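**Student:** Take this structure, written in structure tokens, and hold onto it; I'll ask about it next.
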Amino acid sequence: MAKKLFTKGNKRQKKRDPDKLYERELLACKYLLAGANQAEALRQAGYSETTCTRRSHIIFGRDRVQKYLDEQRKARNKRLDIDADHVLVKLVEVVERCMQDVEPLTNRKGEQIRDDDGNPLFVFNAPAALKGLELVGKHVGVNAFKEVVENRNTNVDVSKQMSEDEARKAIDQLMGNVDTE
């Protein structure tokens with residue numbers, strides 16, 4: 001038996017390829033890759049305002065759209081030769097630039113400006129240097145910004161149902177207030 005074609009009214013339509021993007025989806029993806037946010041990309045692609053604000057996460061969450069975006073991003077990164085190592089090297093350069101010797105703050109005449117106590121003033125971009133150091137620290141696994149919680153006593157079973165007295169005793173034991181026998 002021959003394949004049955006879907007019909008809509010008097011027009012016959014072929015079954016659509018589920019991996020192929022619609023024209024407006026493709027256009028929205030291109031705007032998104034160019035730097036627009038999801039709602040703005042849909043708006044520029046011709047979607048209605050309601051669709052832009054309420055359904056952008058649904059449209060960009062579709063498997064075929066995600067697949068296309070991933071392919072395009074990988075191609076762009078390959079073309080530009082950008083990888084995690086490249087990003088880290090550039091980030092370290094920015095941090096080093098921000099941490100360089102501080103420059104003296106000068107007036108229009110080129111003279112160094114001093115504070116009320118006569119101390120010379122210098123220019124230093126502390127927020128940029130700190131943010132850069134934070135990003136480098138997180139990337140390389142230094143964990144300088146990670147809080148460490150240490151559990152020294154592991155012989156208390158908190159998964160079982162306890163009475164109030166048992167719970168207090170377990171808390172005291174964990175806090176080191178009571179010696180275990």
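For the structure tokens, the naming scheme is as follows: chains receive sequential letters (A, B, ...) according to their order of presentation, residues are indexed from 1 within each chain, and ligands are indexed from 1 in presentation order.
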Please provide as an NGL selection string all residues within 8 Å of segment 54-60 of chain A, with the sequence filter that same-chain residues fewer than 2 positions apart are discarded (counting only C-alpha atoms).

**Tutor:** :A and (25 or 38-39 or 42 or 50-52 or 62 or 65-66)

**Student:** In Å, rounded to a single decimal, give me how far atom CA of Phe122 of chain A is from atom CA of Leu105 of chain A.

**Tutor:**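 Interatomic distance here is 4.8 Å.
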
**Student:** To one decimal place in Å, what is the distance between atom CA of His86 of chain A and atom CA of Glu134 of chain A?

**Tutor:** 17.3 Å

**Student:** Any idea what's packed within 12 Å of Leu69 of chain A, counting only C-alpha atoms, ignoring anything in its chain fewer than 2 positions away? Could you give it as number ranges by chain?

**Tutor:** A: 21, 25-34, 60-67, 71-76

**Student:** Expressed in Å to a single decimal, how great is the separation between atom CA of Leu130 of chain A and atom CA of Val95 of chain A?

**Tutor:**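 Atom-to-atom, atom CA of Leu130 of chain A to atom CA of Val95 of chain A, that is 8.1 Å.
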
**Student:** If you run DSSP on the backbone here, which positions in segment 86-147 of chain A get strand (DSSP E or B)? Please write them as a tab-separated table (two decimals) with N, CA and C atoms, in the first residue's frame.

**Tutor:**
```
chain	number	residue	atom	x	y	z
A	103	GLU	N	49.31	52.89	38.22
A	103	GLU	CA	49.70	54.12	37.56
A	103	GLU	C	49.36	55.31	38.45
A	104	PRO	N	50.21	56.33	38.45
A	104	PRO	CA	49.89	57.51	39.27
A	104	PRO	C	48.70	58.27	38.66
A	106	THR	N	47.04	61.51	37.64
A	106	THR	CA	47.58	62.84	37.32
A	106	THR	C	46.47	63.79	36.93
A	112	GLN	N	51.16	64.64	39.58
A	112	GLN	CA	50.49	63.61	40.35
A	112	GLN	C	49.59	64.25	41.41
A	114	ARG	N	47.50	64.36	44.88
A	114	ARG	CA	47.71	63.85	46.24
A	114	ARG	C	46.44	64.02	47.05
A	120	PRO	N	50.44	60.36	47.64
A	120	PRO	CA	50.13	60.29	46.21
A	120	PRO	C	48.99	59.30	45.94
A	122	PHE	N	46.93	56.72	43.26
A	122	PHE	CA	47.23	55.85	42.13
A	122	PHE	C	45.94	55.26	41.57
A	123	VAL	N	46.00	54.85	40.29
A	123	VAL	CA	44.87	54.22	39.61
A	123	VAL	C	45.07	52.71	39.65
```

**Student:** What are the DSSP alpha helix (DSSP H) residues of segment 14-153 of chain A, as number ranges by chain?

**Tutor:** A: 23-33, 38-45, 49-54, 56-60, 63-80, 84-98, 126-139
